[in-house]
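This report refers to the structure that appears directly beneath it.
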Amino acid sequence: MTTSPTDATRLPRLPADFAWGASTAAYQIEGAAYEDGKGASIWDTFVRRPGAVRDGHTGDIACDHHHRFDEDVSLMCRLGLDAYRFSVSWPRILPTGAGKVEPRGLDFYDRLVDALLDAGIEPTPTLFHWDLPQALEDEGGWLNRGTAYRFAEYAAVVGERLGDRVKRWITLNEPFIHMTFGYAFGVHAPGRALMLDALPVAHHQLLGHGLAAEALRATVPGGQILISNNCTPVRLREDARQDKDVAAASAYDALHNRLFNDALMLGSYPDLSAYGMTDPGWGGVVRDGDLATIAAPLDGLGVNYYNPTWVTAPADPAAALPFDLAEPAEPYERTAFGWPVVPDGLTELLTGLKARYGDGLPPVWITENGCSQPAGLHDQTRIDYLAGHITAIARAVSLGVDVRGYFTWSLLDNFEWAEGYHQRFGLVEVDFATRRRTPRASFEWYRGLIASQRS
């Protein structure tokens with residue numbers, strides 16, 4: 001792998017108004033899982049399922065950000081961040097997902113937003129980062145069309161409270177990952193293993209996005225509305241390039257990328273029936289007017305990128321899915337999660353989005369990008385990773401892609417879903433016995449990068 005020099009002053013310069021940020025998510029850092037009237041989320045339930053999370057870890061306390069947010073904002077200020085992407089916990093605001101509002105939940109985000117603004121940092125909330133109220137899951141969760149309407153009602157509540165100060169909003173985080181890991185494979189909450197029967201979750205999340213965007217535009221005049229999609233370049237191994245492999249790659253791209261991006265920017269879904277993944281009418285799930293709601297113009301597209309995905313034709317012709325996931329033949333460096341480190345995949349992804357959607361592609365924000373590394377403060381591998389991917393963004397910008405900002409994942413080590421506390425993505429190390437925060441070498445490097453880009 002070839003990466004740029006990691007001296008921050010030698011990286012390519014991005015536009016003067018490019019925003020530098022960091023991301024987190026509510027369940028992964030907040031803790032206070034049963035305080036101030038918060039209702040149960042699907043993750044509060046899932047972590048108590050035997051064997052669901054490595055070593056039985058939970059997010060009950062996590063980083064204790066709910067009580068330590070002032071300390072965390074001070075760290076952001078020291079970094080020199082322009083913006084901070086966090087998520088709002090739906091059950092902290094509406095304990096049963098709808099109906100009565102919990103004022104103490106709104107008060108917490110009020111205090112956080114004010115602290116960020118006082119520090120000169122733009123708050124960028126995500127309304128849904130996978131912690132669905134358990135009460136709504138009991139009614140079918142995202143398999144139930146009604147959840148999309150409950151989501152819009154929740155968006156209106158938060159928009160009315162914070163919209164006088166928050167101007168950039170993200171509706172959903174990675175609806176593809178939530179559908180596949182949570183509803184298709186069952187390795188994330190809510191732990192359903194429905195395989196392709198999970199596809200209605202995709203549509204209902206996207207419909208929820210569209211309805212929430214309408215609600216926010218009504219309550220936050222002039223607000224910017226985004227969605228964050230996990231996107232991946234789809235690649236074939238050098239030894240797997242037969243027609244059937246090419247077809248498998250097209251099927252995977254349709255499911256992972258085009259299903260979510262085409263709906264938003266073209267107002268249509270790819271024909272999944274051509275790959276045998278659903279019937280042409282989605283069994284009546286998609287109703288008249290839905291795609292128009294979903295495809296209302298966006299102010300930005302959030303892109304979360306970690307690595308390309310390699311696929312081949314399925315080894316078993318009778319397999320449920322029309323592709324097999326594969327390992328690359330090339331000897332890429334790997335993160336502690338085992339993910340290949342491929343910075344040029346980000347350039348490929350961004351230029352591919354521009355080629356497919358043209359003028360229909362709104363400004364792009366990289367809303368997640370980062371790597372897990374072993375615990376410790378001297379994380380040169382993370383510095384190399386960030387340098388390579390920021391250089392890849394600069395390359396895409398030079399090729400005409402309008403990229404407005406970069407949020408690294410993550411500010412803090414956190415509860416990493418089914419991996420518990422075993423995967424560490426933070427610029428700041430967290431001791432989960434004491435919750436003590438200690439900036440890593442990558443923290444100082446990122447701080448220097450931001451300063452050098454502004455000089």
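Ordering of the structure tokens sets the chain letters (A, B, ...), residue numbers begin anew at 1 in every chain, and ligands are numbered from 1 in the order given.
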
**Request:** List the neighbours of Leu81 of chain A out to 10 Å using only C-alpha atoms; skip same-chain residues closer than 3 positions along the sequence, and give me the result as a list in words.
**Result:**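 Once the nearby chain positions are removed, what remains is Ala19, Trp20, Gly21, Ala22, Val73, Leu75, Met76, Cys77, Arg78, Tyr84, Ala119, Gly120, Ile121, Glu122, Phe407, Tyr446, Arg447, Ile450 and Ala451 of chain A.
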
Can you spit out the residues from that selection as a PDB file, in the first residue's frame, using C-alpha atoms?
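Ended up saving to again02.pdb:
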```pdb
ATOM      1  CA  ALA A  19     -14.964  21.430   7.735  1.00  0.00           C
ATOM      2  CA  TRP A  20     -12.929  19.173  10.028  1.00  0.00           C
ATOM      3  CA  GLY A  21     -14.841  17.098  12.526  1.00  0.00           C
ATOM      4  CA  ALA A  22     -15.193  13.907  14.525  1.00  0.00           C
ATOM      5  CA  VAL A  73     -16.231  19.250  24.407  1.00  0.00           C
ATOM      6  CA  LEU A  75     -11.132  17.827  24.048  1.00  0.00           C
ATOM      7  CA  MET A  76     -12.872  18.823  20.816  1.00  0.00           C
ATOM      8  CA  CYS A  77     -11.931  22.431  21.410  1.00  0.00           C
ATOM      9  CA  ARG A  78      -8.309  21.404  21.956  1.00  0.00           C
ATOM     10  CA  TYR A  84     -19.002  17.497  15.886  1.00  0.00           C
ATOM     11  CA  ALA A 119     -16.657  26.385  21.950  1.00  0.00           C
ATOM     12  CA  GLY A 120     -17.136  27.474  18.335  1.00  0.00           C
ATOM     13  CA  ILE A 121     -17.992  23.938  17.183  1.00  0.00           C
ATOM     14  CA  GLU A 122     -20.966  23.329  14.895  1.00  0.00           C
ATOM     15  CA  PHE A 407     -15.660  13.535  10.315  1.00  0.00           C
ATOM     16  CA  TYR A 446      -5.143  15.487  13.667  1.00  0.00           C
ATOM     17  CA  ARG A 447      -4.887  18.674  15.693  1.00  0.00           C
ATOM     18  CA  ILE A 450      -6.400  21.009  11.133  1.00  0.00           C
ATOM     19  CA  ALA A 451      -4.109  23.865  12.163  1.00  0.00           C
TER      20      ALA A 451
END
```

Residue neighbourhood Val220 of chain A, 12 Å, only C-alpha atoms, exclusion window fewer than 3 positions, as a PDB file with N, CA, C and O atoms, in the first residue's frame:
```
ATOM      1  N   ALA A 155     -38.518  13.486  14.860  1.00  0.00           N
ATOM      2  CA  ALA A 155     -37.683  14.520  14.234  1.00  0.00           C
ATOM      3  C   ALA A 155     -38.258  15.904  14.491  1.00  0.00           C
ATOM      4  O   ALA A 155     -37.509  16.868  14.754  1.00  0.00           O
ATOM      5  N   ALA A 156     -39.584  16.024  14.415  1.00  0.00           N
ATOM      6  CA  ALA A 156     -40.209  17.325  14.649  1.00  0.00           C
ATOM      7  C   ALA A 156     -39.980  17.797  16.081  1.00  0.00           C
ATOM      8  O   ALA A 156     -39.716  18.978  16.324  1.00  0.00           O
ATOM      9  N   VAL A 157     -40.072  16.878  17.046  1.00  0.00           N
ATOM     10  CA  VAL A 157     -39.852  17.238  18.454  1.00  0.00           C
ATOM     11  C   VAL A 157     -38.441  17.779  18.656  1.00  0.00           C
ATOM     12  O   VAL A 157     -38.239  18.833  19.284  1.00  0.00           O
ATOM     13  N   VAL A 158     -37.459  17.074  18.124  1.00  0.00           N
ATOM     14  CA  VAL A 158     -36.071  17.501  18.306  1.00  0.00           C
ATOM     15  C   VAL A 158     -35.809  18.783  17.524  1.00  0.00           C
ATOM     16  O   VAL A 158     -35.122  19.701  18.009  1.00  0.00           O
ATOM     17  N   GLY A 159     -36.349  18.862  16.303  1.00  0.00           N
ATOM     18  CA  GLY A 159     -36.153  20.068  15.504  1.00  0.00           C
ATOM     19  C   GLY A 159     -36.719  21.300  16.166  1.00  0.00           C
ATOM     20  O   GLY A 159     -36.107  22.379  16.151  1.00  0.00           O
ATOM     21  N   GLU A 160     -37.895  21.160  16.762  1.00  0.00           N
ATOM     22  CA  GLU A 160     -38.512  22.312  17.435  1.00  0.00           C
ATOM     23  C   GLU A 160     -37.687  22.779  18.628  1.00  0.00           C
ATOM     24  O   GLU A 160     -37.622  23.977  18.914  1.00  0.00           O
ATOM     25  N   ARG A 161     -37.026  21.863  19.319  1.00  0.00           N
ATOM     26  CA  ARG A 161     -36.257  22.234  20.500  1.00  0.00           C
ATOM     27  C   ARG A 161     -34.880  22.778  20.143  1.00  0.00           C
ATOM     28  O   ARG A 161     -34.402  23.739  20.760  1.00  0.00           O
ATOM     29  N   LEU A 162     -34.222  22.189  19.156  1.00  0.00           N
ATOM     30  CA  LEU A 162     -32.832  22.549  18.871  1.00  0.00           C
ATOM     31  C   LEU A 162     -32.643  23.350  17.583  1.00  0.00           C
ATOM     32  O   LEU A 162     -31.554  23.859  17.321  1.00  0.00           O
ATOM     33  N   GLY A 163     -33.710  23.484  16.798  1.00  0.00           N
ATOM     34  CA  GLY A 163     -33.569  24.067  15.468  1.00  0.00           C
ATOM     35  C   GLY A 163     -33.186  25.530  15.442  1.00  0.00           C
ATOM     36  O   GLY A 163     -32.751  26.033  14.405  1.00  0.00           O
ATOM     37  N   ASP A 164     -33.337  26.233  16.556  1.00  0.00           N
ATOM     38  CA  ASP A 164     -32.900  27.630  16.580  1.00  0.00           C
ATOM     39  C   ASP A 164     -31.383  27.737  16.607  1.00  0.00           C
ATOM     40  O   ASP A 164     -30.829  28.809  16.334  1.00  0.00           O
ATOM     41  N   ARG A 165     -30.710  26.623  16.937  1.00  0.00           N
ATOM     42  CA  ARG A 165     -29.245  26.642  17.023  1.00  0.00           C
ATOM     43  C   ARG A 165     -28.570  25.623  16.107  1.00  0.00           C
ATOM     44  O   ARG A 165     -27.412  25.797  15.750  1.00  0.00           O
ATOM     45  N   VAL A 166     -29.263  24.572  15.749  1.00  0.00           N
ATOM     46  CA  VAL A 166     -28.680  23.518  14.910  1.00  0.00           C
ATOM     47  C   VAL A 166     -29.181  23.707  13.485  1.00  0.00           C
ATOM     48  O   VAL A 166     -30.392  23.738  13.246  1.00  0.00           O
ATOM     49  N   LYS A 167     -28.264  23.793  12.552  1.00  0.00           N
ATOM     50  CA  LYS A 167     -28.647  24.029  11.159  1.00  0.00           C
ATOM     51  C   LYS A 167     -28.349  22.835  10.248  1.00  0.00           C
ATOM     52  O   LYS A 167     -28.933  22.726   9.178  1.00  0.00           O
ATOM     53  N   ARG A 168     -27.436  21.949  10.647  1.00  0.00           N
ATOM     54  CA  ARG A 168     -27.123  20.791   9.816  1.00  0.00           C
ATOM     55  C   ARG A 168     -27.609  19.529  10.519  1.00  0.00           C
ATOM     56  O   ARG A 168     -27.191  19.235  11.640  1.00  0.00           O
ATOM     57  N   TRP A 169     -28.467  18.773   9.857  1.00  0.00           N
ATOM     58  CA  TRP A 169     -29.106  17.599  10.438  1.00  0.00           C
ATOM     59  C   TRP A 169     -28.847  16.379   9.563  1.00  0.00           C
ATOM     60  O   TRP A 169     -28.911  16.456   8.336  1.00  0.00           O
ATOM     61  N   ALA A 212     -39.048  12.544   7.794  1.00  0.00           N
ATOM     62  CA  ALA A 212     -38.332  13.345   8.785  1.00  0.00           C
ATOM     63  C   ALA A 212     -37.756  14.605   8.146  1.00  0.00           C
ATOM     64  O   ALA A 212     -37.738  15.678   8.775  1.00  0.00           O
ATOM     65  N   ALA A 213     -37.281  14.491   6.906  1.00  0.00           N
ATOM     66  CA  ALA A 213     -36.776  15.675   6.205  1.00  0.00           C
ATOM     67  C   ALA A 213     -37.882  16.710   6.051  1.00  0.00           C
ATOM     68  O   ALA A 213     -37.663  17.920   6.261  1.00  0.00           O
ATOM     69  N   GLU A 214     -39.089  16.257   5.705  1.00  0.00           N
ATOM     70  CA  GLU A 214     -40.222  17.182   5.616  1.00  0.00           C
ATOM     71  C   GLU A 214     -40.492  17.849   6.965  1.00  0.00           C
ATOM     72  O   GLU A 214     -40.733  19.060   7.045  1.00  0.00           O
ATOM     73  N   ALA A 215     -40.451  17.057   8.028  1.00  0.00           N
ATOM     74  CA  ALA A 215     -40.723  17.590   9.361  1.00  0.00           C
ATOM     75  C   ALA A 215     -39.664  18.616   9.765  1.00  0.00           C
ATOM     76  O   ALA A 215     -39.988  19.663  10.354  1.00  0.00           O
ATOM     77  N   LEU A 216     -38.411  18.326   9.464  1.00  0.00           N
ATOM     78  CA  LEU A 216     -37.343  19.256   9.821  1.00  0.00           C
ATOM     79  C   LEU A 216     -37.426  20.536   9.004  1.00  0.00           C
ATOM     80  O   LEU A 216     -37.189  21.631   9.531  1.00  0.00           O
ATOM     81  N   ARG A 217     -37.762  20.423   7.739  1.00  0.00           N
ATOM     82  CA  ARG A 217     -37.859  21.640   6.921  1.00  0.00           C
ATOM     83  C   ARG A 217     -38.995  22.533   7.412  1.00  0.00           C
ATOM     84  O   ARG A 217     -38.937  23.765   7.283  1.00  0.00           O
ATOM     85  N   GLY A 223     -32.649  24.980   7.415  1.00  0.00           N
ATOM     86  CA  GLY A 223     -31.797  23.884   7.862  1.00  0.00           C
ATOM     87  C   GLY A 223     -31.283  23.036   6.705  1.00  0.00           C
ATOM     88  O   GLY A 223     -31.926  22.939   5.649  1.00  0.00           O
ATOM     89  N   GLN A 224     -30.140  22.443   6.896  1.00  0.00           N
ATOM     90  CA  GLN A 224     -29.558  21.542   5.899  1.00  0.00           C
ATOM     91  C   GLN A 224     -29.876  20.108   6.315  1.00  0.00           C
ATOM     92  O   GLN A 224     -29.621  19.712   7.451  1.00  0.00           O
ATOM     93  N   ILE A 225     -30.381  19.315   5.370  1.00  0.00           N
ATOM     94  CA  ILE A 225     -30.789  17.948   5.645  1.00  0.00           C
ATOM     95  C   ILE A 225     -29.895  16.982   4.874  1.00  0.00           C
ATOM     96  O   ILE A 225     -29.757  17.087   3.656  1.00  0.00           O
TER      97      ILE A 225
END
```

**Item:** Residue among A:Gly186, A:Gly370, A:Pro221, A:Pro308 lying closest to Pro233 of chain A, counting only C-alpha atoms
**Value:**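 Looking at the shortest contact to Pro233 of chain A, the residue is A:Pro308.
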
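Across the structure, atom CA of Ala394 of chain A and atom CA of Gly267 of chain A are spaced 29.5 Å apart.
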
**Asked** Separation of atom CA of Val187 of chain A and atom CA of Asp55 of chain A, in Å?
**Response**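 So the two atoms, atom CA of Val187 of chain A and atom CA of Asp55 of chain A, lie 14.5 Å apart.
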
**Message:** Using only C-alpha atoms, which protein or nucleic acid residues come within 9 Å of segment 87-100 of chain A? Drop anything in the same chain fewer than 2 positions from it, and give the result as an MDAnalysis selection string.
**Reply:** chainID A and resid 23:27 33 35:41 85 102:106 109 124:129 131:136 147 150:151 153:154 157:158 170 173

**Prompt:** Which neighbours of segment 314-318 of chain A fall inside 9 Å, counting only C-alpha atoms, when residues of the same chain fewer than 4 positions from it are skipped, and could you give them as an NGL selection string?
**Reply:** :A and (244-245 or 248 or 322-325)

**Prompt:** Counting only C-alpha atoms, what is within 9 Å of segment 335-340 of chain A, bar same-chain residues fewer than 6 positions away, as a ChimeraX atom specification?
**Reply:** /A:306-308,328,371-374,381-382,423-424

Take the residues that were just selected and, keeping C-alpha atoms, output them as a PDB file, in the first residue's frame.
```pdb
ATOM      1  CA  TYR A 306     -14.091   1.946   5.594  1.00  0.00           C
ATOM      2  CA  ASN A 307     -13.016  -0.394   2.772  1.00  0.00           C
ATOM      3  CA  PRO A 308     -14.029  -1.901  -0.566  1.00  0.00           C
ATOM      4  CA  PRO A 328      -8.910  -9.755  -1.644  1.00  0.00           C
ATOM      5  CA  CYS A 371      -9.720   2.465  11.954  1.00  0.00           C
ATOM      6  CA  SER A 372      -9.548   0.217  14.960  1.00  0.00           C
ATOM      7  CA  GLN A 373      -6.104  -0.339  16.426  1.00  0.00           C
ATOM      8  CA  PRO A 374      -4.885  -2.064  19.605  1.00  0.00           C
ATOM      9  CA  THR A 381      -0.886   3.037  12.129  1.00  0.00           C
ATOM     10  CA  ARG A 382      -3.983   5.190  12.720  1.00  0.00           C
ATOM     11  CA  GLN A 423     -12.268  -2.552  19.095  1.00  0.00           C
ATOM     12  CA  ARG A 424     -10.754   0.872  19.675  1.00  0.00           C
TER      13      ARG A 424
END
```

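Nearest residue to Ala392 of chain A among A:Gln453, A:Thr347, A:Thr232, A:Ser268 is A:Thr347, counting only C-alpha atoms.
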
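One distance worth recording is that between atom CA of Gly300 of chain A and atom CA of Pro200 of chain A, which is 24.7 Å.
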
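Comparing the minimum interatomic distances between Tyr357 of chain A and each of A:Gln242, A:Ser455, A:Thr391, A:Asn261, counting only C-alpha atoms, we find that A:Asn261 sits nearest.
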
**Item:** Nearby residues (only C-alpha atoms) at most 7 Å from segment 58-72 of chain A, same-chain spacing under 3 positions excluded, as an MDAnalysis selection string
**Value:** chainID A and resid 27:33 47 75:76 112 414:415 420 435

Residues of segment 50-173 of chain A in alpha helix (DSSP H), written as an mmCIF file with N, CA and C atoms, in the first residue's frame:
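out-v2.cif was written with the following content:
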```cif
data_model
loop_
_atom_site.group_PDB
_atom_site.id
_atom_site.type_symbol
_atom_site.label_atom_id
_atom_site.label_comp_id
_atom_site.auth_asym_id
_atom_site.auth_seq_id
_atom_site.Cartn_x
_atom_site.Cartn_y
_atom_site.Cartn_z
ATOM 1 N N HIS A 65 -20.404 9.676 28.708
ATOM 2 C CA HIS A 65 -20.472 10.997 28.087
ATOM 3 C C HIS A 65 -21.650 11.808 28.617
ATOM 4 N N HIS A 66 -22.705 11.160 29.009
ATOM 5 C CA HIS A 66 -23.874 11.875 29.519
ATOM 6 C C HIS A 66 -23.511 12.740 30.715
ATOM 7 N N HIS A 67 -22.551 12.291 31.506
ATOM 8 C CA HIS A 67 -22.121 13.062 32.673
ATOM 9 C C HIS A 67 -20.814 13.818 32.427
ATOM 10 N N ARG A 68 -20.099 13.482 31.382
ATOM 11 C CA ARG A 68 -18.764 14.052 31.144
ATOM 12 C C ARG A 68 -18.688 14.831 29.835
ATOM 13 N N PHE A 69 -19.809 15.259 29.299
ATOM 14 C CA PHE A 69 -19.758 15.890 27.979
ATOM 15 C C PHE A 69 -18.941 17.175 27.983
ATOM 16 N N ASP A 70 -18.925 17.883 29.111
ATOM 17 C CA ASP A 70 -18.105 19.101 29.160
ATOM 18 C C ASP A 70 -16.628 18.775 28.936
ATOM 19 N N GLU A 71 -16.174 17.692 29.533
ATOM 20 C CA GLU A 71 -14.789 17.260 29.337
ATOM 21 C C GLU A 71 -14.547 16.904 27.872
ATOM 22 N N ASP A 72 -15.520 16.258 27.256
ATOM 23 C CA ASP A 72 -15.359 15.857 25.863
ATOM 24 C C ASP A 72 -15.392 17.055 24.923
ATOM 25 N N VAL A 73 -16.220 18.034 25.220
ATOM 26 C CA VAL A 73 -16.231 19.250 24.407
ATOM 27 C C VAL A 73 -14.893 19.985 24.549
ATOM 28 N N SER A 74 -14.312 19.962 25.731
ATOM 29 C CA SER A 74 -12.989 20.572 25.911
ATOM 30 C C SER A 74 -11.946 19.887 25.036
ATOM 31 N N LEU A 75 -12.039 18.553 24.937
ATOM 32 C CA LEU A 75 -11.132 17.827 24.048
ATOM 33 C C LEU A 75 -11.340 18.235 22.593
ATOM 34 N N MET A 76 -12.585 18.395 22.190
ATOM 35 C CA MET A 76 -12.872 18.823 20.816
ATOM 36 C C MET A 76 -12.311 20.217 20.554
ATOM 37 N N CYS A 77 -12.452 21.072 21.539
ATOM 38 C CA CYS A 77 -11.931 22.431 21.410
ATOM 39 C C CYS A 77 -10.418 22.405 21.269
ATOM 40 N N ARG A 78 -9.764 21.554 22.054
ATOM 41 C CA ARG A 78 -8.309 21.404 21.956
ATOM 42 C C ARG A 78 -7.894 20.887 20.583
ATOM 43 N N LEU A 79 -8.714 19.994 20.007
ATOM 44 C CA LEU A 79 -8.438 19.487 18.662
ATOM 45 C C LEU A 79 -8.557 20.575 17.603
ATOM 46 N N TRP A 90 -33.170 8.366 20.515
ATOM 47 C CA TRP A 90 -34.629 8.438 20.352
ATOM 48 C C TRP A 90 -35.354 8.091 21.659
ATOM 49 N N PRO A 91 -35.004 6.969 22.346
ATOM 50 C CA PRO A 91 -35.741 6.657 23.587
ATOM 51 C C PRO A 91 -35.415 7.584 24.751
ATOM 52 N N ARG A 92 -34.379 8.413 24.619
ATOM 53 C CA ARG A 92 -34.130 9.415 25.653
ATOM 54 C C ARG A 92 -35.119 10.576 25.517
ATOM 55 N N ILE A 93 -35.616 10.788 24.294
ATOM 56 C CA ILE A 93 -36.560 11.877 24.019
ATOM 57 C C ILE A 93 -38.004 11.395 24.129
ATOM 58 N N PRO A 103 -38.797 15.602 28.977
ATOM 59 C CA PRO A 103 -38.071 16.884 28.907
ATOM 60 C C PRO A 103 -36.621 16.780 29.344
ATOM 61 N N ARG A 104 -36.304 15.857 30.259
ATOM 62 C CA ARG A 104 -34.912 15.749 30.702
ATOM 63 C C ARG A 104 -34.004 15.272 29.571
ATOM 64 N N GLY A 105 -34.547 14.488 28.662
ATOM 65 C CA GLY A 105 -33.761 14.079 27.499
ATOM 66 C C GLY A 105 -33.437 15.255 26.609
ATOM 67 N N LEU A 106 -34.437 16.068 26.307
ATOM 68 C CA LEU A 106 -34.192 17.261 25.496
ATOM 69 C C LEU A 106 -33.241 18.222 26.204
ATOM 70 N N ASP A 107 -33.365 18.323 27.523
ATOM 71 C CA ASP A 107 -32.482 19.211 28.280
ATOM 72 C C ASP A 107 -31.018 18.813 28.105
ATOM 73 N N PHE A 108 -30.747 17.508 28.083
ATOM 74 C CA PHE A 108 -29.366 17.059 27.923
ATOM 75 C C PHE A 108 -28.797 17.548 26.593
ATOM 76 N N TYR A 109 -29.547 17.380 25.514
ATOM 77 C CA TYR A 109 -29.022 17.799 24.209
ATOM 78 C C TYR A 109 -28.989 19.316 24.086
ATOM 79 N N ASP A 110 -29.881 19.995 24.774
ATOM 80 C CA ASP A 110 -29.799 21.454 24.873
ATOM 81 C C ASP A 110 -28.436 21.870 25.435
ATOM 82 N N ARG A 111 -28.047 21.246 26.546
ATOM 83 C CA ARG A 111 -26.781 21.599 27.193
ATOM 84 C C ARG A 111 -25.603 21.257 26.303
ATOM 85 N N LEU A 112 -25.669 20.111 25.636
ATOM 86 C CA LEU A 112 -24.577 19.718 24.749
ATOM 87 C C LEU A 112 -24.442 20.698 23.590
ATOM 88 N N VAL A 113 -25.545 21.035 22.951
ATOM 89 C CA VAL A 113 -25.503 21.969 21.816
ATOM 90 C C VAL A 113 -24.962 23.320 22.257
ATOM 91 N N ASP A 114 -25.409 23.819 23.395
ATOM 92 C CA ASP A 114 -24.920 25.115 23.872
ATOM 93 C C ASP A 114 -23.423 25.063 24.167
ATOM 94 N N ALA A 115 -22.952 23.962 24.752
ATOM 95 C CA ALA A 115 -21.520 23.839 25.041
ATOM 96 C C ALA A 115 -20.706 23.823 23.755
ATOM 97 N N LEU A 116 -21.211 23.134 22.752
ATOM 98 C CA LEU A 116 -20.503 23.099 21.459
ATOM 99 C C LEU A 116 -20.449 24.483 20.834
ATOM 100 N N LEU A 117 -21.572 25.166 20.808
ATOM 101 C CA LEU A 117 -21.591 26.496 20.199
ATOM 102 C C LEU A 117 -20.704 27.471 20.962
ATOM 103 N N ASP A 118 -20.692 27.367 22.285
ATOM 104 C CA ASP A 118 -19.809 28.219 23.080
ATOM 105 C C ASP A 118 -18.347 27.975 22.743
ATOM 106 N N GLN A 134 -37.363 0.245 22.139
ATOM 107 C CA GLN A 134 -37.805 -1.147 22.185
ATOM 108 C C GLN A 134 -39.322 -1.252 22.004
ATOM 109 N N ALA A 135 -40.051 -0.265 22.477
ATOM 110 C CA ALA A 135 -41.511 -0.301 22.341
ATOM 111 C C ALA A 135 -41.929 -0.326 20.876
ATOM 112 N N LEU A 136 -41.171 0.364 20.013
ATOM 113 C CA LEU A 136 -41.492 0.326 18.589
ATOM 114 C C LEU A 136 -41.072 -0.997 17.964
ATOM 115 N N GLU A 137 -39.968 -1.553 18.432
ATOM 116 C CA GLU A 137 -39.566 -2.877 17.940
ATOM 117 C C GLU A 137 -40.619 -3.915 18.299
ATOM 118 N N GLY A 146 -45.425 1.960 10.071
ATOM 119 C CA GLY A 146 -45.742 3.003 11.036
ATOM 120 C C GLY A 146 -44.517 3.605 11.704
ATOM 121 N N THR A 147 -43.409 2.845 11.772
ATOM 122 C CA THR A 147 -42.195 3.366 12.401
ATOM 123 C C THR A 147 -41.664 4.568 11.634
ATOM 124 N N ALA A 148 -41.844 4.591 10.326
ATOM 125 C CA ALA A 148 -41.399 5.746 9.540
ATOM 126 C C ALA A 148 -42.126 7.014 9.974
ATOM 127 N N TYR A 149 -43.411 6.892 10.273
ATOM 128 C CA TYR A 149 -44.193 8.055 10.704
ATOM 129 C C TYR A 149 -43.845 8.458 12.134
ATOM 130 N N ARG A 150 -43.558 7.476 12.984
ATOM 131 C CA ARG A 150 -43.120 7.795 14.349
ATOM 132 C C ARG A 150 -41.770 8.527 14.299
ATOM 133 N N PHE A 151 -40.923 8.130 13.358
ATOM 134 C CA PHE A 151 -39.614 8.780 13.228
ATOM 135 C C PHE A 151 -39.782 10.248 12.848
ATOM 136 N N ALA A 152 -40.699 10.532 11.952
ATOM 137 C CA ALA A 152 -40.934 11.923 11.561
ATOM 138 C C ALA A 152 -41.455 12.744 12.731
ATOM 139 N N GLU A 153 -42.316 12.157 13.541
ATOM 140 C CA GLU A 153 -42.832 12.862 14.724
ATOM 141 C C GLU A 153 -41.698 13.170 15.702
ATOM 142 N N TYR A 154 -40.818 12.210 15.892
ATOM 143 C CA TYR A 154 -39.647 12.401 16.753
ATOM 144 C C TYR A 154 -38.741 13.494 16.187
ATOM 145 N N ALA A 155 -38.518 13.486 14.860
ATOM 146 C CA ALA A 155 -37.683 14.520 14.234
ATOM 147 C C ALA A 155 -38.258 15.904 14.491
ATOM 148 N N ALA A 156 -39.584 16.024 14.415
ATOM 149 C CA ALA A 156 -40.209 17.325 14.649
ATOM 150 C C ALA A 156 -39.980 17.797 16.081
ATOM 151 N N VAL A 157 -40.072 16.878 17.046
ATOM 152 C CA VAL A 157 -39.852 17.238 18.454
ATOM 153 C C VAL A 157 -38.441 17.779 18.656
ATOM 154 N N VAL A 158 -37.459 17.074 18.124
ATOM 155 C CA VAL A 158 -36.071 17.501 18.306
ATOM 156 C C VAL A 158 -35.809 18.783 17.524
ATOM 157 N N GLY A 159 -36.349 18.862 16.303
ATOM 158 C CA GLY A 159 -36.153 20.068 15.504
ATOM 159 C C GLY A 159 -36.719 21.300 16.166
ATOM 160 N N GLU A 160 -37.895 21.160 16.762
ATOM 161 C CA GLU A 160 -38.512 22.312 17.435
ATOM 162 C C GLU A 160 -37.687 22.779 18.628
ATOM 163 N N ARG A 161 -37.026 21.863 19.319
ATOM 164 C CA ARG A 161 -36.257 22.234 20.500
ATOM 165 C C ARG A 161 -34.880 22.778 20.143
ATOM 166 N N LEU A 162 -34.222 22.189 19.156
ATOM 167 C CA LEU A 162 -32.832 22.549 18.871
ATOM 168 C C LEU A 162 -32.643 23.350 17.583
#
```
